[in-house]
Structure formats: structure tokens, C-alpha cells
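Trainee: Input structure: target_13.txt, which contains compact mmCIF, C-alpha atoms and all ligand atoms.
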# COMPACT_ATOMS: atom_id res chain seq x y z
CA MET S 1 0.00 0.00 0.00
CA THR S 2 1.67 3.24 -1.13
CA SER S 3 0.94 6.72 0.20
CA ALA S 4 -1.05 9.40 -1.62
CA LEU S 5 2.23 11.29 -2.05
CA HIS S 6 3.82 8.26 -3.73
CA GLN S 7 0.84 7.87 -6.05
CA ASP S 8 0.78 11.57 -6.99
CA LEU S 9 4.49 11.47 -7.85
CA ALA S 10 4.04 8.24 -9.83
CA ARG S 11 1.55 10.13 -12.01
CA ILE S 12 4.32 12.66 -12.78
CA LEU S 13 7.30 10.32 -13.05
CA GLY S 14 5.88 6.91 -13.82
CA GLU S 15 5.81 4.00 -11.39
CA ASP S 16 9.53 3.23 -11.85
CA GLY S 17 10.43 6.84 -11.02
CA VAL S 18 9.28 6.67 -7.40
CA ALA S 19 10.07 4.49 -4.39
CA SER S 20 9.04 4.69 -0.75
CA ASP S 21 10.13 1.35 0.71
CA GLY S 22 12.27 1.38 3.83
CA HIS S 23 15.46 0.20 2.13
CA THR S 24 15.35 2.97 -0.51
CA LEU S 25 14.51 5.67 2.03
CA ALA S 26 17.47 4.57 4.15
CA ARG S 27 19.79 4.39 1.12
CA TYR S 28 19.03 7.94 -0.04
CA GLY S 29 18.28 9.54 3.32
CA GLY S 30 21.75 11.01 3.72
CA ASP S 31 25.16 11.56 2.24
CA ALA S 32 28.66 10.38 3.23
CA LEU S 33 28.56 12.16 6.58
CA GLY S 34 28.61 9.41 9.20
CA SER S 35 27.09 9.92 12.62
CA TYR S 36 30.54 9.49 14.21
CA ARG S 37 31.61 12.71 12.46
CA ALA S 38 28.39 14.61 13.01
CA PHE S 39 28.91 14.88 16.78
CA ARG S 40 25.96 16.71 18.38
CA ALA S 41 24.17 16.91 15.02
CA ALA S 42 24.12 13.10 14.76
CA PRO S 43 20.39 12.78 15.70
CA LEU S 44 19.55 14.87 12.61
CA LEU S 45 20.86 12.01 10.45
CA ASP S 46 18.02 9.78 11.65
CA ARG S 47 15.32 11.68 9.80
CA VAL S 48 13.41 9.75 7.16
CA ALA S 49 12.10 11.10 3.86
CA ALA S 50 8.69 10.03 2.58
CA VAL S 51 9.68 9.20 -0.97
CA VAL S 52 12.61 9.13 -3.41
CA ALA S 53 11.93 10.42 -6.93
CA TRP S 54 14.02 9.88 -10.07
CA PRO S 55 13.07 12.28 -12.87
CA THR S 56 14.53 11.72 -16.32
CA GLU S 57 13.37 14.95 -17.99
CA THR S 58 13.50 18.63 -17.12
CA GLU S 59 9.71 18.94 -17.40
CA GLN S 60 9.31 16.21 -14.79
CA VAL S 61 11.53 18.17 -12.40
CA ALA S 62 9.42 21.28 -12.99
CA SER S 63 6.17 19.37 -12.45
CA LEU S 64 7.49 17.73 -9.29
CA LEU S 65 8.59 21.09 -7.85
CA ARG S 66 5.25 22.72 -8.73
CA TYR S 67 3.47 19.85 -7.00
CA ALA S 68 5.75 19.92 -3.92
CA ASN S 69 5.29 23.67 -3.63
CA SER S 70 1.53 23.32 -3.82
CA ILE S 71 1.52 21.03 -0.78
CA ARG S 72 4.43 22.86 0.95
CA MET S 73 6.58 19.71 0.92
CA PRO S 74 10.39 20.06 1.30
CA VAL S 75 12.50 18.74 -1.59
CA ILE S 76 16.11 17.58 -1.12
CA PRO S 77 18.16 17.41 -4.35
CA TYR S 78 20.45 14.38 -4.38
CA GLY S 79 23.43 13.86 -6.69
CA GLY S 80 26.06 11.24 -5.94
CA GLY S 81 25.55 11.45 -2.18
CA THR S 82 29.30 11.92 -1.65
CA GLY S 83 28.95 15.16 0.30
CA VAL S 84 30.54 14.97 3.74
CA MET S 85 28.72 17.91 5.34
CA GLY S 86 25.23 16.46 5.63
CA ALA S 87 23.85 18.80 2.97
CA ALA S 88 21.85 16.03 1.26
CA VAL S 89 20.35 14.70 4.50
CA ALA S 90 16.60 14.24 4.26
CA THR S 91 14.06 15.89 6.49
CA ASP S 92 11.15 13.89 7.87
CA GLY S 93 8.45 13.46 5.25
CA ALA S 94 10.44 15.15 2.46
CA ILE S 95 10.84 14.25 -1.20
CA VAL S 96 14.37 13.23 -2.16
CA LEU S 97 14.87 14.48 -5.72
CA ASN S 98 17.45 12.08 -7.09
CA LEU S 99 19.04 13.49 -10.26
CA GLN S 100 21.13 10.41 -11.11
CA ARG S 101 19.03 9.40 -14.11
CA MET S 102 19.44 12.82 -15.72
CA ASN S 103 22.94 11.90 -16.80
CA GLY S 104 23.18 12.96 -20.43
CA VAL S 105 25.99 14.91 -22.05
CA ILE S 106 24.06 17.34 -24.27
CA ASP S 107 27.02 18.76 -26.17
CA VAL S 108 30.67 19.68 -25.78
CA SER S 109 32.34 22.25 -28.00
CA GLY S 110 36.11 22.41 -28.03
CA ALA S 111 35.93 25.47 -30.28
CA ASP S 112 33.69 27.39 -27.86
CA PHE S 113 35.15 25.97 -24.62
CA THR S 114 31.65 25.02 -23.51
CA ALA S 115 29.93 21.88 -22.30
CA ARG S 116 26.22 21.41 -21.62
CA LEU S 117 25.55 18.55 -19.22
CA GLN S 118 22.55 17.28 -17.34
CA PRO S 119 22.94 17.59 -13.55
CA GLY S 120 23.36 13.87 -12.85
CA VAL S 121 26.39 13.40 -15.10
CA ILE S 122 29.21 11.84 -13.06
CA LEU S 123 32.27 14.10 -13.00
CA GLU S 124 34.45 11.34 -14.47
CA ASP S 125 32.04 10.99 -17.42
CA ALA S 126 31.98 14.78 -17.89
CA HIS S 127 35.76 14.79 -17.97
CA THR S 128 35.87 11.93 -20.49
CA ALA S 129 33.37 13.68 -22.78
CA MET S 130 35.40 16.88 -22.64
CA MET S 131 38.68 15.08 -23.34
CA GLY S 132 37.14 13.89 -26.60
CA GLN S 133 36.90 17.54 -27.65
CA GLY S 134 40.36 18.54 -26.41
CA LEU S 135 39.05 20.05 -23.17
CA ARG S 136 39.31 18.98 -19.54
CA LEU S 137 36.91 19.46 -16.65
CA GLY S 138 39.44 21.26 -14.46
CA HIS S 139 37.70 20.06 -11.27
CA ASP S 140 39.31 16.91 -9.90
CA PRO S 141 38.05 15.89 -6.45
CA TRP S 142 38.85 12.44 -5.10
CA SER S 143 35.14 11.69 -5.42
CA ARG S 144 35.26 12.24 -9.20
CA PRO S 145 34.10 8.67 -10.07
CA ILE S 146 30.86 9.14 -8.06
CA ALA S 147 30.04 12.83 -7.54
CA THR S 148 27.78 14.58 -10.03
CA VAL S 149 27.95 17.84 -11.91
CA GLY S 150 24.93 19.21 -10.01
CA GLY S 151 26.38 18.29 -6.63
CA ALA S 152 29.78 19.76 -7.48
CA ILE S 153 28.22 23.03 -8.63
CA SER S 154 25.97 23.16 -5.57
CA THR S 155 28.91 22.68 -3.21
CA ASP S 156 31.33 24.71 -5.35
CA GLY S 157 33.74 21.82 -4.84
CA VAL S 158 37.50 22.25 -4.76
CA GLY S 159 39.67 19.45 -6.12
CA TYR S 160 43.33 18.66 -6.75
CA THR S 161 43.59 21.01 -9.75
CA ALA S 162 42.06 23.98 -7.93
CA ALA S 163 45.38 25.82 -7.74
CA ALA S 164 45.43 25.90 -11.52
CA HIS S 165 41.75 26.14 -12.37
CA GLY S 166 39.86 27.25 -9.26
CA SER S 167 36.73 25.68 -7.82
CA MET S 168 33.86 24.03 -9.73
CA GLY S 169 32.14 27.40 -9.75
CA ASP S 170 35.18 28.99 -11.36
C1 LIG M 201 35.99 10.03 -0.69
C2 LIG M 201 35.53 11.45 -0.89
C3 LIG M 201 36.40 12.37 -1.43
C4 LIG M 201 36.00 13.70 -1.60
N1 LIG M 201 36.88 14.58 -2.17
C5 LIG M 201 36.50 15.85 -2.35
C6 LIG M 201 37.41 16.81 -2.93
O1 LIG M 201 38.56 16.50 -3.24
N2 LIG M 201 36.96 18.07 -3.12
C7 LIG M 201 35.67 18.44 -2.79
O2 LIG M 201 35.29 19.60 -2.99
N3 LIG M 201 34.79 17.56 -2.24
C8 LIG M 201 35.18 16.31 -2.02
N4 LIG M 201 34.29 15.41 -1.46
C9 LIG M 201 32.95 15.87 -1.12
C10 LIG M 201 31.92 15.65 -2.27
O3 LIG M 201 32.38 14.69 -3.19
C11 LIG M 201 31.65 16.97 -2.99
O4 LIG M 201 31.03 17.89 -2.13
C12 LIG M 201 30.78 16.79 -4.25
O5 LIG M 201 30.76 18.02 -4.96
C13 LIG M 201 29.34 16.39 -3.93
O6 LIG M 201 28.73 15.97 -5.13
P1 LIG M 201 27.50 14.94 -5.11
O7 LIG M 201 27.00 14.82 -6.51
O8 LIG M 201 27.89 13.69 -4.43
O9 LIG M 201 26.45 15.79 -4.24
P2 LIG M 201 25.51 15.32 -3.03
O10 LIG M 201 26.35 14.88 -1.87
O11 LIG M 201 24.46 14.40 -3.52
O12 LIG M 201 24.84 16.72 -2.68
C14 LIG M 201 25.62 17.80 -2.20
C15 LIG M 201 24.72 19.05 -2.13
O13 LIG M 201 24.34 19.44 -3.46
C16 LIG M 201 22.93 19.43 -3.58
N5 LIG M 201 22.65 18.97 -4.95
C17 LIG M 201 23.01 17.80 -5.51
N6 LIG M 201 22.64 17.76 -6.79
C18 LIG M 201 22.01 18.93 -7.04
C19 LIG M 201 21.39 19.49 -8.20
N7 LIG M 201 21.34 18.82 -9.36
N8 LIG M 201 20.83 20.71 -8.10
C20 LIG M 201 20.88 21.40 -6.92
N9 LIG M 201 21.46 20.94 -5.81
C21 LIG M 201 22.02 19.71 -5.86
C22 LIG M 201 22.42 18.51 -2.48
O14 LIG M 201 21.09 18.82 -2.06
C23 LIG M 201 23.42 18.83 -1.36
O15 LIG M 201 23.06 20.04 -0.73
C24 LIG M 201 34.69 14.09 -1.24
C25 LIG M 201 33.81 13.15 -0.71
C26 LIG M 201 34.22 11.84 -0.52
C27 LIG M 201 33.25 10.86 0.05
Please re-express this file's structure in C-alpha cells.
Ligand SMILES: Cc1cc2nc3c(=O)[nH]c(=O)nc-3n(C[C@H](O)[C@H](O)[C@H](O)COP(=O)(O)OP(=O)(O)OC[C@H]3O[C@@H](n4cnc5c(N)ncnc54)[C@H](O)[C@@H]3O)c2cc1C
Mentor:
Amino acid sequence: MTSALHQDLARILGEDGVASDGHTLARYGGDALGSYRAFRAAPLLDRVAAVVAWPTETEQVASLLRYANSIRMPVIPYGGGTGVMGAAVATDGAIVLNLQRMNGVIDVSGADFTARLQPGVILEDAHTAMMGQGLRLGHDPWSRPIATVGGAISTDGVGYTAAAHGSMGD
């Protein structure tokens, strides 16, 4: 028996775009911040979202956000979940907006020094796509094989090449 929230989101995303079982909620309820490093904030890591949603298209993201806003429901964007500051930790009853299926490289132009990427593209894949056009990502965190473009932009991550190229935002 799924909740009304689950069913409403399934109408937007399709049945395979939503999950609310205990295993999935636990899997995507937080990032790489362990309770042993959270100290007094550790109890905050025990919160449980109501549902995890996997959009595949921009319009689905817009529809989900319109819907969540209409019922005043918090939405937690989720990339690779490699953050170590607890930024992707769910709040009780929230929607986890998992961007991992929006992982397309739209285009890369070596001539224009531009790349258009969906937010769930893994940094390693972004780098590989750019190398094919004679470019490089210029952001090289240790989490590059897992972290996403959206998460790196959100955190303005700083990697090993930051001295040369600056942060992800740069
Ligand atoms: C082993 C390891 C090594 C690491 N090395 C580095 C390093 O060298 N340099 C560094 O800077 N960091 C490092 N990190 C931290 C982490 O990898 C970075 O913060 C990374 O940028 C997070 O990306 P993510 O996709 O995993 O984001 P998540 O952890 O999923 O989310 C991080 C934040 O971004 C938000 N977010 C995610 N996707 C989106 C989106 N599409 N739109 C809007 N908001 C979004 C989330 O809500 C959350 O607030 C490391 C982590 C680990 C576990």
C-alpha cells in the first residue's frame, strides 16, 4: 500500500520513477557524513524522507517542484551522495529528488570551450566527454568517479587542480 504522495508522484514520473520502501529511504536519506563525524548533530541524520523520486526529464523536475510547492513539501536534491557535510540529509516526510538518471551529455564544443551537461552526469564521465573535444573538466576531487555535476556546482567543490583552475564554480 503506497501513500497518496507516492501515487501523486508516480503520475508525474511513472511508477519506476518513485520508491518509498524502507530500504530505498534509508539508502538515499543522507550523504557520506557518518554519525561518528556529526557529533551533536548526529540525531539529525536519523530523519526519514517520505519518498525518493528519479526524474529523467527537465519537465518532470518542474512538475514535481510545482506539485511539492503546492503542498508545501520540502524537496532535497540528491546527486552522488558523496557530500561529507550532511547537505543532502533528508528531512522527515520530504521528497528526495534524485538526479542520477538525468545523466546525459548534451554537447561539448572544443571550439567554444563550452559543455552542456545534465545535472546527474558523473564528474568522471563529464571529464571523459570533454577530453574527446580537447578540453578537460578542471575540477578533480577524489570523489570524481561518483560525484555529479549538479552536486559539485551546488557545493562549489575544490579538487586537486584547484590551484590551476579554481573551484567548480570557477
Ligand atoms: C571520498 C571522498 C572524497 C571527496 N573529495 C572531495 C574533494 O577533493 N573536493 C571536494 O570539494 N569535495 C570532495 N568530497 C565531497 C563531495 O564529493 C563533494 O562535495 C561533491 O561536490 C558532492 O557531489 P554529489 O553529486 O555527491 O552531491 P551530493 O552529496 O548528492 O549533494 C551535495 C549538495 O548538493 C545538492 N545537490 C546535488 N545535486 C544537485 C542538483 N542537481 N541541483 C541542486 N542541488 C544539488 C544537495 O542537495 C546537497 O546540498 C569528497 C567526498 C568523498 C566521500
Trainee: Closest to ligand LIG 201 (chain M) among S:Thr155, S:Thr58, S:Thr128, S:Ser70, using only C-alpha atoms and all ligand atoms?
Mentor: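 Once distances to ligand LIG 201 (chain M) are computed over only C-alpha atoms and all ligand atoms, the minimum belongs to S:Thr155.
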Trainee: With only C-alpha atoms as the atoms that count, which of S:His23, S:Asn98, S:Val61, S:Ile106 lies nearest to Gly151 of chain S?
Mentor: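 Among the listed residues, S:Asn98 lies closest to Gly151 of chain S.
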Trainee: Name the residues, by chain letter and number, that sit within 6 Å of ligand LIG 201 (chain M) using all atoms listed in the file, and give them as a compact mmCIF listing (two decimals) with C-alpha atoms, keeping the file's coordinate frame.
Mentor:
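Output below, filename result.txt:
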# COMPACT_ATOMS: atom_id res chain seq x y z
CA ASP S 31 25.16 11.56 2.24
CA ALA S 32 28.66 10.38 3.23
CA ILE S 76 16.11 17.58 -1.12
CA PRO S 77 18.16 17.41 -4.35
CA TYR S 78 20.45 14.38 -4.38
CA GLY S 79 23.43 13.86 -6.69
CA GLY S 80 26.06 11.24 -5.94
CA GLY S 81 25.55 11.45 -2.18
CA THR S 82 29.30 11.92 -1.65
CA GLY S 83 28.95 15.16 0.30
CA VAL S 84 30.54 14.97 3.74
CA ALA S 87 23.85 18.80 2.97
CA ALA S 88 21.85 16.03 1.26
CA LEU S 99 19.04 13.49 -10.26
CA PRO S 119 22.94 17.59 -13.55
CA PRO S 141 38.05 15.89 -6.45
CA TRP S 142 38.85 12.44 -5.10
CA SER S 143 35.14 11.69 -5.42
CA ALA S 147 30.04 12.83 -7.54
CA THR S 148 27.78 14.58 -10.03
CA GLY S 150 24.93 19.21 -10.01
CA GLY S 151 26.38 18.29 -6.63
CA ALA S 152 29.78 19.76 -7.48
CA SER S 154 25.97 23.16 -5.57
CA THR S 155 28.91 22.68 -3.21
CA GLY S 157 33.74 21.82 -4.84
CA VAL S 158 37.50 22.25 -4.76
CA GLY S 159 39.67 19.45 -6.12
Trainee: Return the single residue from S:Leu33, S:Met130, S:Leu64, S:Leu123 that is closest to Gly14 of chain S, with distances computed using all atoms listed in the file.
Mentor: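 Among S:Leu33, S:Met130, S:Leu64, S:Leu123, it is S:Leu64 that comes nearest to Gly14 of chain S.
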Trainee: Rank S:Met102, S:Ala42, S:Met131, S:Val75 by their smallest atom-to-atom distance to Glu59 of chain S, using all atoms listed in the file, and report the top residue only.
Mentor: S:Met102
Trainee: What separation in Å, quoted to one decimal, exists between atom CA of Asp125 of chain S and atom CA of Arg101 of chain S?
Mentor: 13.5 Å
Trainee: Counting only C-alpha atoms, which residue out of S:Gln7, S:Ser63, S:Thr114, S:Thr56 sits closest to Ala129 of chain S?
Mentor: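 Ranked by minimum distance to Ala129 of chain S, first place goes to S:Thr114.
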Trainee: Smallest atom-to-atom distance to Arg136 of chain S: which of S:Ala90, S:Ala26, S:Val108, S:Leu45, using only C-alpha atoms?
Mentor: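 Looking only at the distances to Arg136 of chain S, the closest residue turns out to be S:Val108.
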Trainee: For Val18 of chain S, work out the shell of residues within 12 Å, counting all atoms listed in the file and skipping chain neighbours fewer than 4 positions away, then give it as an MDAnalysis selection string.
Mentor: chainID S and resid 2:3 5:14 24:25 50:56 64 95:98
Trainee: Let's have the selection written as a JSON list (two decimals), in the frame of the given file, with C-alpha atoms.
Mentor:
[["chain", "number", "residue", "atom", "x", "y", "z"],
["S", 2, "THR", "CA", 1.67, 3.24, -1.13],
["S", 3, "SER", "CA", 0.94, 6.72, 0.20],
["S", 5, "LEU", "CA", 2.23, 11.29, -2.05],
["S", 6, "HIS", "CA", 3.82, 8.26, -3.73],
["S", 7, "GLN", "CA", 0.84, 7.87, -6.05],
["S", 8, "ASP", "CA", 0.78, 11.57, -6.99],
["S", 9, "LEU", "CA", 4.49, 11.47, -7.85],
["S", 10, "ALA", "CA", 4.04, 8.24, -9.83],
["S", 11, "ARG", "CA", 1.55, 10.13, -12.01],
["S", 12, "ILE", "CA", 4.32, 12.66, -12.78],
["S", 13, "LEU", "CA", 7.30, 10.32, -13.05],
["S", 14, "GLY", "CA", 5.88, 6.91, -13.82],
["S", 24, "THR", "CA", 15.35, 2.97, -0.51],
["S", 25, "LEU", "CA", 14.51, 5.67, 2.03],
["S", 50, "ALA", "CA", 8.69, 10.03, 2.58],
["S", 51, "VAL", "CA", 9.68, 9.20, -0.97],
["S", 52, "VAL", "CA", 12.61, 9.13, -3.41],
["S", 53, "ALA", "CA", 11.93, 10.42, -6.93],
["S", 54, "TRP", "CA", 14.02, 9.88, -10.07],
["S", 55, "PRO", "CA", 13.07, 12.28, -12.87],
["S", 56, "THR", "CA", 14.53, 11.72, -16.32],
["S", 64, "LEU", "CA", 7.49, 17.73, -9.29],
["S", 95, "ILE", "CA", 10.84, 14.25, -1.20],
["S", 96, "VAL", "CA", 14.37, 13.23, -2.16],
["S", 97, "LEU", "CA", 14.87, 14.48, -5.72],
["S", 98, "ASN", "CA", 17.45, 12.08, -7.09]]
Trainee: Once you add 4 Å to each side, what are the centre and edge lengths of the axis-aligned box holding all listed atoms of segment 70-89 of chain S? One decimal in Å, as lines of an AutoDock Vina configuration file, if you can.
Mentor:
center_x = 16.0
center_y = 17.3
center_z = -0.5
size_x = 37.0
size_y = 20.1
size_z = 20.3
Trainee: Provide the atom CA of Leu44 of chain S to atom CA of Tyr67 of chain S distance in Å, to one decimal place.
Mentor: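 Atom CA of Leu44 of chain S sits 25.8 Å away from atom CA of Tyr67 of chain S.
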Trainee: How many Å lie between atom CA of Ala162 of chain S and atom CA of Leu117 of chain S, rounded to one decimal?
Mentor: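 The value is 20.7 Å.
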Trainee: Would you list the contacts of segment 163-169 of chain S as a VMD selection string, taking every protein, DNA or RNA residue within 6 Å and counting only C-alpha atoms, but skipping same-chain residues closer than 2 positions in sequence?
Mentor: chain S and resid 138 to 139 153 156 to 158 161
Trainee: How would segment 127-165 of chain S of the given structure read as a file with N, CA and C atoms, as a compact mmCIF listing (two decimals), in the first residue's frame?
Mentor:
# COMPACT_ATOMS: atom_id res chain seq x y z
N HIS S 127 34.35 14.61 -17.59
CA HIS S 127 35.76 14.79 -17.97
C HIS S 127 36.08 14.02 -19.26
N THR S 128 35.60 12.77 -19.31
CA THR S 128 35.87 11.93 -20.49
C THR S 128 35.26 12.56 -21.75
N ALA S 129 34.02 13.06 -21.62
CA ALA S 129 33.37 13.68 -22.78
C ALA S 129 34.14 14.92 -23.23
N MET S 130 34.66 15.67 -22.29
CA MET S 130 35.40 16.88 -22.64
C MET S 130 36.74 16.54 -23.29
N MET S 131 37.39 15.48 -22.77
CA MET S 131 38.68 15.08 -23.34
C MET S 131 38.54 14.76 -24.83
N GLY S 132 37.38 14.22 -25.20
CA GLY S 132 37.14 13.89 -26.60
C GLY S 132 37.11 15.12 -27.49
N GLN S 133 36.93 16.28 -26.89
CA GLN S 133 36.90 17.54 -27.65
C GLN S 133 38.12 18.41 -27.32
N GLY S 134 39.14 17.80 -26.71
CA GLY S 134 40.36 18.54 -26.41
C GLY S 134 40.26 19.45 -25.20
N LEU S 135 39.22 19.25 -24.38
CA LEU S 135 39.05 20.05 -23.17
C LEU S 135 39.26 19.16 -21.94
N ARG S 136 39.32 19.76 -20.77
CA ARG S 136 39.31 18.98 -19.54
C ARG S 136 38.40 19.69 -18.55
N LEU S 137 37.88 18.90 -17.60
CA LEU S 137 36.91 19.46 -16.65
C LEU S 137 37.56 20.53 -15.76
N GLY S 138 38.76 20.28 -15.30
CA GLY S 138 39.44 21.26 -14.46
C GLY S 138 39.01 21.20 -13.00
N HIS S 139 38.10 20.29 -12.67
CA HIS S 139 37.70 20.06 -11.27
C HIS S 139 37.94 18.59 -11.00
N ASP S 140 38.82 18.29 -10.06
CA ASP S 140 39.31 16.91 -9.90
C ASP S 140 39.29 16.49 -8.44
N PRO S 141 38.11 16.38 -7.84
CA PRO S 141 38.05 15.89 -6.45
C PRO S 141 38.30 14.39 -6.41
N TRP S 142 38.63 13.88 -5.25
CA TRP S 142 38.85 12.44 -5.10
C TRP S 142 37.57 11.67 -5.38
N SER S 143 36.44 12.33 -5.19
CA SER S 143 35.14 11.69 -5.42
C SER S 143 34.72 11.75 -6.89
N ARG S 144 35.61 12.07 -7.78
CA ARG S 144 35.26 12.24 -9.20
C ARG S 144 34.53 11.05 -9.82
N PRO S 145 34.82 9.80 -9.45
CA PRO S 145 34.10 8.67 -10.07
C PRO S 145 32.65 8.53 -9.60
N ILE S 146 32.22 9.30 -8.59
CA ILE S 146 30.86 9.14 -8.06
C ILE S 146 30.08 10.45 -8.04
N ALA S 147 30.73 11.54 -7.69
CA ALA S 147 30.04 12.83 -7.54
C ALA S 147 29.52 13.32 -8.88
N THR S 148 28.45 14.11 -8.82
CA THR S 148 27.78 14.58 -10.03
C THR S 148 28.07 16.05 -10.30
N VAL S 149 27.77 16.44 -11.52
CA VAL S 149 27.95 17.84 -11.91
C VAL S 149 27.09 18.75 -11.02
N GLY S 150 25.82 18.36 -10.82
CA GLY S 150 24.93 19.21 -10.01
C GLY S 150 25.42 19.35 -8.58
N GLY S 151 25.89 18.24 -8.00
CA GLY S 151 26.38 18.29 -6.63
C GLY S 151 27.64 19.12 -6.52
N ALA S 152 28.52 19.00 -7.52
CA ALA S 152 29.78 19.76 -7.48
C ALA S 152 29.52 21.26 -7.64
N ILE S 153 28.55 21.61 -8.47
CA ILE S 153 28.22 23.03 -8.63
C ILE S 153 27.58 23.54 -7.34
N SER S 154 26.67 22.74 -6.79
CA SER S 154 25.97 23.16 -5.57
C SER S 154 26.94 23.41 -4.43
N THR S 155 27.96 22.54 -4.30
CA THR S 155 28.91 22.68 -3.21
C THR S 155 30.10 23.55 -3.58
N ASP S 156 30.16 23.96 -4.84
CA ASP S 156 31.33 24.71 -5.35
C ASP S 156 32.61 23.98 -4.94
N GLY S 157 32.66 22.69 -5.28
CA GLY S 157 33.74 21.82 -4.84
C GLY S 157 35.12 22.30 -5.28
N VAL S 158 36.11 21.91 -4.48
CA VAL S 158 37.50 22.25 -4.76
C VAL S 158 38.29 20.95 -4.83
N GLY S 159 38.93 20.70 -5.95
CA GLY S 159 39.67 19.45 -6.12
C GLY S 159 41.17 19.69 -6.24
N TYR S 160 41.87 18.62 -6.71
CA TYR S 160 43.33 18.66 -6.75
C TYR S 160 43.88 19.68 -7.75
N THR S 161 43.09 20.06 -8.75
CA THR S 161 43.59 21.01 -9.75
C THR S 161 43.12 22.44 -9.47
N ALA S 162 42.63 22.67 -8.25
CA ALA S 162 42.06 23.98 -7.93
C ALA S 162 43.10 25.10 -8.01
N ALA S 163 44.36 24.78 -7.69
CA ALA S 163 45.38 25.82 -7.74
C ALA S 163 45.52 26.36 -9.16
N ALA S 164 45.31 25.48 -10.12
CA ALA S 164 45.43 25.90 -11.52
C ALA S 164 44.13 26.45 -12.07
N HIS S 165 43.01 25.84 -11.70
CA HIS S 165 41.75 26.14 -12.37
C HIS S 165 40.66 26.70 -11.46
